[in-house]
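Asker: Encoded as structure tokens, here's the structure I'll be asking about.
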Amino acid sequence: MRKPDGKIVLLGDMNVGKTSLLQRYMERRFPDTVSTVGGAFYLKPWRSYNISIWDTAGREQFHGLGSMYCRGAVAVILIYDVNHPQSLLELEDRFLGLTDTASTDCLFAIVGNKVDLVEAGAADSREKEGHGPGTAGGGGGGSPKVPKPVQLEDAVALYNKILKYKMLDEKDVPAAEQMCFETSAKTGYNVDLLFETLFDMVVPVILRQRAQGPPQTVDVTSCKTPRRTRSGCCS
Amino acid sequence: MMSTKAFTLVSAVGWELLAGDKERVHVECVECCGKNLYVGTRDCVVHHFLLEERALPTGTATFSAAKQLHRHLGFRKPVNELRAASALNRLLVLCDNSITLVNMMSLEPVPSGARIKGAAALALNENPVNGDPFCVEVCIISVKRRTIQLFLVYEDRVQIVREVSTPEQPLAVAVDGDFLCLALTTQYIILNYNTGFSQDLFPYCSEEKRPIVKRIGRQEFLLAGPGGLGMFATVAGISQRAPVHWSENVIGAAICFPYVIALDDEFITVHSMLDQQQKQTLPFKEGHILQDFEALQVMYRRILQQAGFIQFAQLQFLEAKELFRSGQLDVRELISLYPFLLPTSSSFTRSHPPLHEYADLNQLTQGDQDKMAKCKRFLMSYLNEVRSTEVANGYKEDIDTALLKLYAEADHDSLLDLLVTENSCLLTDSAAWLEKHNKYFALGLLYHYNNQDAAAVQLWVNIVNGDIHDSTRSDLYEYVVDFLTYSLDQELVWKYADWVLQKSEEVGVQVFTKRPLDEQQNSFNPDSVITCLKKYPKALVKYLEHLVIDRSLQKEEYHTQLALLYLDEVLRQKSGTSSKAAEASEIQLKLQHLLQKSDLYRVHLLIDRIRGAGLPMESAILHGKLEEHEEALRILVHELRDFAAAEDYCLWRSEGRDPPYRQRLFHTLLAMYLQPGPTAPELAVAATDLLNHHATDFDAARVLPLLPGTWSVQLLHPFLAGAVRNSVHARRTAQVALGLARSENLIYKYDKMKLKGSSVQLSDKKLCQMCQNPFCEPVFVRYPNGGLVHTHCAASRHTNPSAPGPGART
């Protein structure tokens with residue numbers, strides 16, 4: 001078995017489309033999915049690295065496993081359903097805490113999935129009432145009359161909250177505009193962009209972590225080493 | 001995806017064997033170790049069975065169990081757990097919160113009565129850290145609350161090594177190295193008992209469901225998670241594999257790489273650890289214990305092997321190879337399909353029942369030559385891959401011999417690689433095969449590998465001579481020379497020395513010149529070699545050059561002989577046509593070089609030989625060797641008219657000599673230049689050049705009177721300037737030296753004054769430092785350190801009484 005160089009974890013409430021997003025990207029298809037049990041992962045070769053991407057179960061029952069999946073992750077993708085404001089709130093309330101075990105320089109991406117329903121709904125609403133039932137993962141369906149219950153700005157606001165929560169300086173991390181996406185697993189809209197943007201950002205993190213040694217020792221060295229070198233080159 | 005049939009349920013022990021005449025018996029635990037099966041029951045009895053596996057013609061296996069004995073442990077409690085420690089021949093029995101050590105065969109407790117008390121559960125460390133093979137690391141959940149204890153268990157004693165407390169009550173434990181994987185009341189954790197560092201894994205409600213903790217390999221565990229998940233976790237708290245999905249009411253789990261087997265109240269399920277898919281389901285009601293058992297793997301391997309042969313017959317070689325490898329196929333099964341490949345001496349017989357239905361490759365390919373060739377190529381690559389792995393253990397001879405045969409038949413380059421590296425090719429079988437395929441060079445290599453160098457060389461010589469035909473190497477002659485050069489078989493080298501020299505004197509002589517030096521001192525000493533080379537003059541020259549130039553041997557006869565051989569050759573070429581002028585000068589240069597550099601040859605002998613031969617340069621060198629500088633310079637200046645050579649001569653002969661000697665030589669040459677005669681103008685130019693180039697090598701004062709008055713100062717400017725500068729420098733150096741000497745003298749004078757300045761008083765109280773007697777006469781010896789002794793004492797011991805050194809007296 002190839003050993004992954006870095007780990008990316010997908011988190012989010014049930015039925016937001018985590019599995020569908022991942023399958024769209026990895027298998028280029030949009031099959032009906034059943035509710036994920038436990039977790040699953042893919043290994044994606046990117047440049048000379050192998051990146052493992054973990055799909056997690058959104059169900060409350062498996063919530064306790066999240067911390068373990070996130071341990072040592074180089075990036076976390078937080079996914080919500082643009083048609084369900086609650087799914088965005090859940091990210092902050094339930095899922096953000098799970099990322100405490102991720103690596104200290106973990107990247108965060110916030111993804112609003114199922115934008116196809118909004119657009120289709122907005123277009124269809126003039127002609128028809130409602131729209132066809134979604135798939136198992138995408139059936140929720142927001143009110144078709146309201147174009148988009150969750151706006152991209154809401155995601156940006158959450159991103160900035162996360163930075164505060166993690167006590168990260170905005171200057172040290174990618175800007176919110178770069179890290180907030182709206183996607184559709186069904187049409188494939190922005191899916192490649194999401195994953196590939198993230199892969200490119202993750203490679204330097206992997207390199208940096210390698211240079212710092214095994215992740216178990218990061219706690220001690222990562223706070224001390226930079227300080228020491230800074231004073232070293234200024235003197 | 002449930003197409004795999006990796007496991008079959010086989011009944012091993014019938015009910016009546018366990019129950020005997022009792023109405024009912026309740027099995028609490030089982031343990032399997034090799035062919036030994038142990039069963040612990042609720043009524044405190046341990047049963048011991050011996051399992052015998054028999055393969056059925058259908059490919060499955062059946063087990064028969066022979067009851068050995070059973071023993072009642074003497075409590076009224078159930079036997080909770082059994083663990084075999086085969087290295088100690090001990091069975092660990094947990095019963096009534098106490099772990100007893102019993103003999104694996106007799107089930108008798110050890111005489112020392114060693115036991116671990118207060119244990120609620122136990123786990124063996126399969127990845128022990130202490131390194132003692134006759135000691136087992138056992139971890140127990142103590143009956144003390146929130147306590148884990150670690151023990152070392154020996155044949156007849158136990159030793160507690162550590163006790164760690166846990167944040168909550170532990171319910172299940174597995175160990176790997178320093179790491180404990182614990183199921184606590186509300187969560188799973190990893191605890192490093194060495195550092196005390198604890199790593200949370202995930203929460204789990206033990207009240208709802210019994211936790212499961214299994215070690216699956218180095219630093220990795222399998223845990224029962226929420227929703228019937230089998231979760232994988234490393235000691236770092238990371239999940240590297242996706243979970244497997246069991247049913248909610250899973251009771252137990254076992255590992256049989258690459259499978260995870262789980263038991264619930266209705267089924268045994270088999271999942272692959274590699275893709276997490278469920279592979280097989282076996283209905284099995286009312287099971288309540290699941291324990292690993294190696295025999296399952298034996299059957300599984302057989303299935304893989306059979307599958308491999310099916311793929312092989314369809315020429316699906318990649319798939320076949322993978323199956324053979326994972327099924328750990330005895331490679332000879334595969335080799336035996338190919339006619340004549342297994343050595344005649346091989347003891348192999350195909351497994352019964354057979355793994356496939358083919359008699360041999362001919363039947364399998366139905367005579368299709370193309371298919372046959374493909375199969376052979378596959379076997380070649382497969383054998384080449386496995387020959388250095390553990391698969392080859394015990395069959396190396398069969399594998400390597402088969403590989404050799406395949407290579408030889410296919411005219412494959414790797415044949416030679418196989419033979420020159422470590423191999424186990426069987427001699428008689430391989431030799432016959434190589435001969436049949438005209439691989440004589442390779443056959444020689446085989447002989448060589450089997451320490452039959454004489455046979456090898458004879459074979460190669462026959463090829464070079466054209467007696468037998470094998471075009472493997474076009475440079476076989478050079479190869480033989482090289483082979484003999486490094487051969488340790490002296491007799492062999494002498495035997496073929498004439499042959500290699502007759503083929504080529506220059507190349508053949510390498511047998512002697514390139515030998516390792518230590519050998520050249522013994523059997524291949526120069527005198528023996530020179531005797532051998534008498535018939536081969538070119539080889540002899542090369543050999544003497546090796547002795548004189550490369551090895552710098554300081555022996556007169558070698559130097560003389562080499563010089564004479566050179567001379568002969570020069571003379572021979574001179575007498576011949578002049579077309580070889582270039583070559584003539586080359587050998588002449590060698591001769592001159594030798595004459596100049598060597599001091600060992602017999603000069604007179606050479607002068608006699610050279611006389612009248614028209615070799616002025618050589619005779620000049622020889623005269624120079626005899627210190628007959630005037631004669632040498634005369635030849636150079638008047639016969640050869642080579643002024644540069646004359647100058648070089650002066651430098652050469654004065655090398656390492658004192659400056660006056662050098663001056664004398666240069667003056668001799670100058671005098672020769674300044675002699676009146678018909679060629680005076682030309683010589684005058686040489687003289688000025690000499691003076692100007694070597695100003696420092698002349699005594700200017702002696703030169704000036706010799707020079708003709710007509711020469712201008714301008715002409716000799718470099719010489720004169722150099723001479724003046726030299727003389728001024730000499731004067732100043734002398735002045736400095738004089739000054740230094742004076743000051744040194746002053747220092748000594750000062751020391752002397754100081755020493756003389758003090759007086760020495762002799763009285764009765766002063767004693768000689770050596771004999772400790774008073775001085776009776778006014779004569780004494782005083783050492784620089786002030787010590788006074790009798791003169792006779794000082795004479796008897798010429799040492800300073802307290803410090804060694806010359807007895808400087810005053």
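Going by the structure tokens order, chains are called A, B, ..., each with residues numbered from 1, while ligands are numbered from 1 in the order shown.
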Which residues of chain A come within 6 Å of chain B, and what is each one's closest atom pair and distance in Å (one decimal), counting only C-alpha atoms, sorted by chain and residue number, as CSV?

Answerer:
```
residue,atom,partner,partner_atom,distance
A:Gly39,CA,B:Ala242,CA,5.9
A:Ala40,CA,B:Ala242,CA,4.8
A:Gly64,CA,B:Phe202,CA,5.6
A:Leu65,CA,B:Phe202,CA,5.5
A:Met68,CA,B:Ile238,CA,5.8
```

Asker: For Asp55 in chain A, find every residue with an atom within 10 Å (counting only C-alpha atoms), except residues of its own chain fewer than 4 positions away, and show them as a VMD selection string.

Answerer: (chain A and resid 8 to 12 18 to 23 36 to 42 69 77) or (chain B and resid 242)

Asker: Which of range 577-640 of chain B end up as alpha helix (DSSP H) when DSSP is run on this backbone - answer as a VMD selection string?

Answerer: chain B and resid 581 to 597 603 to 610 616 to 625 629 to 634

Asker: Give me the residues within 12 Å of Tyr566 in chain B as a VMD selection string, counting only C-alpha atoms and dropping any in the same chain fewer than 5 places off.

Answerer: chain B and resid 537 to 538 540 to 542 544 to 545 559 to 561 571 to 573 584 to 595 606 610 618

Asker: Give me the residues near range 408-414 of chain B as a PyMOL selection string, where near means some atom within 8 Å (using only C-alpha atoms) and where sequence neighbours in that chain fewer than 3 positions away do not count.

Answerer: chain B and resi 404-405+417-418+433-434+437+439

Asker: Report, in Å with one decimal, the straight-line distance from CA of Thr401 in chain B to CA of Ser430 in chain B.

Answerer: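 Computing it gives 6.3 Å between the two atoms.
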
Asker: Provide the CA of Glu397 in chain B to CA of Ser424 in chain B distance in Å, to one decimal place.

Answerer: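 That distance, rounded to one decimal, is 4.7 Å.
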
Asker: Figure out the distance between CA of Val45 in chain B and CA of Val13 in chain B, please, to one decimal in Å.

Answerer: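 Going from CA of Val13 in chain B over to CA of Val45 in chain B covers 15.8 Å.
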
Asker: List the neighbours of range 546-555 of chain B out to 12 Å using only C-alpha atoms; skip same-chain residues closer than 3 positions along the sequence, and give me the result as an MDAnalysis selection string.

Answerer: chainID B and resid 509:510 512:517 520:521 525:527 529:530 539:543 558:563 590 593:595 597:602

Asker: Could you pull the residues within 10 Å of Gly72 in chain A, counting only C-alpha atoms, minus those fewer than 4 positions along the same chain, as a PDB file with N, CA and C atoms, in the first residue's frame?

Answerer:
```pdb
ATOM      1  N   GLY A   6      -0.021  13.261   2.665  1.00  0.00           N
ATOM      2  CA  GLY A   6      -0.814  14.254   3.371  1.00  0.00           C
ATOM      3  C   GLY A   6      -2.264  13.837   3.335  1.00  0.00           C
ATOM      4  N   LYS A   7      -3.044  14.378   4.271  1.00  0.00           N
ATOM      5  CA  LYS A   7      -4.425  13.941   4.393  1.00  0.00           C
ATOM      6  C   LYS A   7      -5.356  15.142   4.296  1.00  0.00           C
ATOM      7  N   ILE A   8      -6.411  14.974   3.507  1.00  0.00           N
ATOM      8  CA  ILE A   8      -7.454  15.996   3.433  1.00  0.00           C
ATOM      9  C   ILE A   8      -8.745  15.347   3.921  1.00  0.00           C
ATOM     10  N   SER A  67     -12.675  13.431  15.193  1.00  0.00           N
ATOM     11  CA  SER A  67     -11.377  13.898  15.686  1.00  0.00           C
ATOM     12  C   SER A  67     -10.257  12.997  15.211  1.00  0.00           C
ATOM     13  N   MET A  68     -10.535  11.695  15.197  1.00  0.00           N
ATOM     14  CA  MET A  68      -9.484  10.764  14.792  1.00  0.00           C
ATOM     15  C   MET A  68      -9.178  10.921  13.311  1.00  0.00           C
ATOM     16  N   THR A  99     -11.764  19.700  14.317  1.00  0.00           N
ATOM     17  CA  THR A  99     -10.506  19.967  13.611  1.00  0.00           C
ATOM     18  C   THR A  99      -9.380  20.342  14.561  1.00  0.00           C
ATOM     19  N   ASP A 100      -9.634  20.326  15.861  1.00  0.00           N
ATOM     20  CA  ASP A 100      -8.575  20.668  16.808  1.00  0.00           C
ATOM     21  C   ASP A 100      -7.386  19.722  16.697  1.00  0.00           C
ATOM     22  N   THR A 101      -7.646  18.512  16.224  1.00  0.00           N
ATOM     23  CA  THR A 101      -6.558  17.529  16.148  1.00  0.00           C
ATOM     24  C   THR A 101      -5.781  17.636  14.836  1.00  0.00           C
ATOM     25  N   ALA A 102      -6.261  18.472  13.913  1.00  0.00           N
ATOM     26  CA  ALA A 102      -5.548  18.612  12.633  1.00  0.00           C
ATOM     27  C   ALA A 102      -4.206  19.280  12.886  1.00  0.00           C
ATOM     28  N   SER A 103      -3.337  19.257  11.884  1.00  0.00           N
ATOM     29  CA  SER A 103      -2.022  19.844  12.090  1.00  0.00           C
ATOM     30  C   SER A 103      -2.166  21.361  12.246  1.00  0.00           C
ATOM     31  N   THR A 104      -1.184  21.972  12.893  1.00  0.00           N
ATOM     32  CA  THR A 104      -1.315  23.375  13.276  1.00  0.00           C
ATOM     33  C   THR A 104      -1.436  24.292  12.066  1.00  0.00           C
ATOM     34  N   ASP A 105      -0.817  23.912  10.954  1.00  0.00           N
ATOM     35  CA  ASP A 105      -0.926  24.779   9.782  1.00  0.00           C
ATOM     36  C   ASP A 105      -1.942  24.235   8.777  1.00  0.00           C
ATOM     37  N   CYS A 106      -2.965  23.585   9.304  1.00  0.00           N
ATOM     38  CA  CYS A 106      -4.003  23.024   8.458  1.00  0.00           C
ATOM     39  C   CYS A 106      -4.741  24.123   7.678  1.00  0.00           C
ATOM     40  N   PRO A 215       5.097  14.848  12.862  1.00  0.00           N
ATOM     41  CA  PRO A 215       4.077  15.751  13.396  1.00  0.00           C
ATOM     42  C   PRO A 215       3.969  15.690  14.916  1.00  0.00           C
ATOM     43  N   GLN A 216       4.356  14.562  15.536  1.00  0.00           N
ATOM     44  CA  GLN A 216       4.203  14.458  16.984  1.00  0.00           C
ATOM     45  C   GLN A 216       5.037  15.500  17.707  1.00  0.00           C
TER      46      GLN A 216
ATOM     47  N   ALA B 236      -0.407   6.363  16.740  1.00  0.00           N
ATOM     48  CA  ALA B 236      -0.380   7.818  16.702  1.00  0.00           C
ATOM     49  C   ALA B 236      -1.791   8.395  16.726  1.00  0.00           C
ATOM     50  N   GLY B 237      -2.793   7.531  16.788  1.00  0.00           N
ATOM     51  CA  GLY B 237      -4.161   8.029  16.846  1.00  0.00           C
ATOM     52  C   GLY B 237      -4.698   8.387  15.479  1.00  0.00           C
ATOM     53  N   ILE B 238      -4.132   7.802  14.440  1.00  0.00           N
ATOM     54  CA  ILE B 238      -4.575   8.113  13.084  1.00  0.00           C
ATOM     55  C   ILE B 238      -5.189   6.851  12.477  1.00  0.00           C
TER      56      ILE B 238
END
```

Asker: Using DSSP secondary structure from the backbone, list all strand (DSSP E or B) positions within range 15-191 of chain A, as a ChimeraX atom specification.

Answerer: /A:39-46,49-56,75-81,107-113,180-182

Asker: Grab the residues selected above and save them as a compact mmCIF listing (two decimals), in the first residue's frame with N, CA and C atoms.

Answerer:
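The resulting out-v2.txt:
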```
# COMPACT_ATOMS: atom_id res chain seq x y z
N GLY A 39 -16.67 5.89 7.25
CA GLY A 39 -15.77 6.72 6.48
C GLY A 39 -15.18 5.92 5.34
N ALA A 40 -14.57 6.62 4.39
CA ALA A 40 -13.92 5.95 3.27
C ALA A 40 -12.86 6.89 2.76
N PHE A 41 -11.89 6.34 2.06
CA PHE A 41 -10.92 7.30 1.52
C PHE A 41 -10.38 6.89 0.16
N TYR A 42 -9.93 7.90 -0.54
CA TYR A 42 -9.29 7.73 -1.84
C TYR A 42 -7.85 8.18 -1.72
N LEU A 43 -7.01 7.61 -2.58
CA LEU A 43 -5.64 8.07 -2.64
C LEU A 43 -5.47 8.76 -3.98
N LYS A 44 -5.10 10.02 -3.96
CA LYS A 44 -4.98 10.80 -5.19
C LYS A 44 -3.51 11.17 -5.42
N PRO A 45 -2.90 10.68 -6.51
CA PRO A 45 -1.54 11.13 -6.79
C PRO A 45 -1.58 12.54 -7.35
N TRP A 46 -0.83 13.41 -6.77
CA TRP A 46 -0.77 14.80 -7.23
C TRP A 46 0.69 15.20 -7.29
N TYR A 49 3.30 13.56 -5.11
CA TYR A 49 2.80 13.22 -3.79
C TYR A 49 1.53 12.37 -3.87
N ASN A 50 1.29 11.65 -2.81
CA ASN A 50 0.03 10.92 -2.70
C ASN A 50 -0.79 11.58 -1.60
N ILE A 51 -1.94 12.04 -2.00
CA ILE A 51 -2.79 12.73 -1.02
C ILE A 51 -3.99 11.83 -0.74
N SER A 52 -4.22 11.56 0.54
CA SER A 52 -5.40 10.76 0.86
C SER A 52 -6.55 11.70 1.19
N ILE A 53 -7.70 11.39 0.62
CA ILE A 53 -8.87 12.23 0.86
C ILE A 53 -9.91 11.39 1.58
N TRP A 54 -10.26 11.81 2.77
CA TRP A 54 -11.18 11.05 3.61
C TRP A 54 -12.59 11.63 3.54
N ASP A 55 -13.49 10.74 3.23
CA ASP A 55 -14.90 11.08 3.26
C ASP A 55 -15.41 10.61 4.62
N THR A 56 -16.14 11.46 5.32
CA THR A 56 -16.61 11.07 6.65
C THR A 56 -18.12 10.96 6.65
N ALA A 75 -5.42 19.57 5.42
CA ALA A 75 -6.49 20.45 4.99
C ALA A 75 -7.83 19.83 5.36
N VAL A 76 -8.78 20.69 5.68
CA VAL A 76 -10.13 20.23 5.99
C VAL A 76 -11.09 20.97 5.07
N ILE A 77 -11.96 20.22 4.41
CA ILE A 77 -12.98 20.84 3.57
C ILE A 77 -14.30 20.78 4.33
N LEU A 78 -14.82 21.95 4.67
CA LEU A 78 -16.09 22.02 5.40
C LEU A 78 -17.18 22.25 4.37
N ILE A 79 -18.15 21.35 4.32
CA ILE A 79 -19.16 21.40 3.26
C ILE A 79 -20.55 21.67 3.84
N TYR A 80 -21.27 22.56 3.18
CA TYR A 80 -22.67 22.80 3.57
C TYR A 80 -23.52 22.77 2.30
N ASP A 81 -24.78 22.79 2.52
CA ASP A 81 -25.74 22.78 1.42
C ASP A 81 -26.26 24.21 1.26
N LEU A 107 -5.06 23.82 6.42
CA LEU A 107 -5.81 24.77 5.60
C LEU A 107 -7.30 24.44 5.71
N PHE A 108 -8.13 25.48 5.59
CA PHE A 108 -9.57 25.26 5.63
C PHE A 108 -10.21 25.76 4.35
N ALA A 109 -11.11 24.95 3.82
CA ALA A 109 -11.89 25.40 2.67
C ALA A 109 -13.35 25.25 3.05
N ILE A 110 -14.17 26.21 2.62
CA ILE A 110 -15.60 26.12 2.92
C ILE A 110 -16.34 26.01 1.59
N VAL A 111 -17.16 24.98 1.48
CA VAL A 111 -17.76 24.67 0.20
C VAL A 111 -19.28 24.62 0.34
N GLY A 112 -19.98 25.43 -0.47
CA GLY A 112 -21.43 25.34 -0.54
C GLY A 112 -21.80 24.47 -1.72
N ASN A 113 -22.37 23.33 -1.46
CA ASN A 113 -22.67 22.38 -2.53
C ASN A 113 -24.14 22.53 -2.98
N CYS A 180 -13.29 29.91 -0.26
CA CYS A 180 -14.71 29.63 -0.22
C CYS A 180 -15.19 29.31 -1.64
N PHE A 181 -15.88 28.19 -1.77
CA PHE A 181 -16.29 27.72 -3.08
C PHE A 181 -17.78 27.45 -3.08
N GLU A 182 -18.36 27.54 -4.27
CA GLU A 182 -19.72 27.02 -4.44
C GLU A 182 -19.65 26.00 -5.55
```

Asker: Determine the nearest neighbour of Pro343 in chain B from the options B:Tyr496, B:Tyr395, B:Phe75, B:Phe775, counting only C-alpha atoms.

Answerer: B:Tyr395

Asker: May I ask which of the residues A:Glu170, A:Asn15, A:Ser87, A:Glu27 is the closest one to Ala57 in chain A, counting only C-alpha atoms?

Answerer: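 Among the listed residues, the smallest separation from Ala57 in chain A belongs to A:Asn15.
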